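Heads up: the structure comes next, in structure tokens.
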Amino acid sequence: MRASYIIACGVLFVAVPNAAPAQIGGLIRKAKDAATAKAENKVVDNSRLKPSANFGPELTAATLDAVLRGLAAAESKLGQADQLRSDRQRIDNEWAKSSSAHDKDREAYVYAKRKAESCQDSVVRTRGQAAQAAYVGRMQGDPAAQAKMVAATMDMSQKVAALQAKGDTAGVRRLMTDLAKAQGLDPKADSLVAIKSCGAIPAKPAWLVEEDGMRERSTQLDSQIRDTESSAQSAAVAASGMPARDYALARERVLHWSIEARGGSPIQRFGDDERELLESRRADIDKYRKALN
């Protein structure tokens, strides 16, 4: 027996002539330490995992298929939102380019517009004050005219209220114009005099009209993006055929597994059969990573 042991040792040292006994022992200890550390870490990790039952029942082939249908529907909605976002970005870029190209033109237009508006307002206000003062002067010396105007005003108020109830804004403006004329005011005539005195307010140039349309379209797209993204979850639930709460829990199980499968920290415990099922559908799950995350 001793001779056999010696021969065996001799064979070992012949086969590994450059490995000293101390080195071999060190390698063995390192392997043991690594195995021990791995086992200890596994215990610590498992102790921190949330119980499987916290996230509903374990996934089956049927429930996983349902979740995947839901994720496909959500992914489609998110894809639509991305396309809308791309459209909005393109429009915003076009608006920025136009705005930069017409910077000087915009300053000139705004200046001319404000100048004309200020002048016209001043003319209309001055004419209105003069007409109002003349009207008050006439009323002060004519009680019969005062009573007639009070009655006309009360009647006008009732008619305006009836038109407002119908939503007839054009009719309201017409009656108010008639009342103003009865008091010596003539907005249309005042406006014509103001334009003649100050010049017309400049019309919007074509590039500015186009920019306004861009801003309006961008705002509309923002709303559509929000609506599309917010509808992704309801579309997912409908496509899954599951109750909303059941779908949310099942989806969360898939999410937790996906995080762990991509190298993230484990979150919950999974059954062996469930892990095997999820691993077998890894490619299908990865297709919907955007909707899942």
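Residue numbering restarts at 1 for every chain of the structure tokens, chains are lettered A, B, ... in their displayed order, and ligands are numbered from 1 as they appear.
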Could you list, as a PyMOL selection string, every residue within 8 Å of Gln183 (chain A), counting only C-alpha atoms and ignoring same-chain residues fewer than 5 positions away? chain A and resi 131-132+135
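Nearest residue to Asp82 (chain A) among A:Gln233, A:Gln224, A:Ser98, A:Ser240 is A:Gln224, counting only C-alpha atoms.
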Mind checking which residues fall within 8 Å of region 101-115 of chain A, counting only C-alpha atoms, ignoring those fewer than 2 positions away in the same chain, and posting them as a list in words? Lys97, Ser98, Ser99, Glu117, Ser118, Cys119, Ile201, Pro202 and Lys204 of chain A
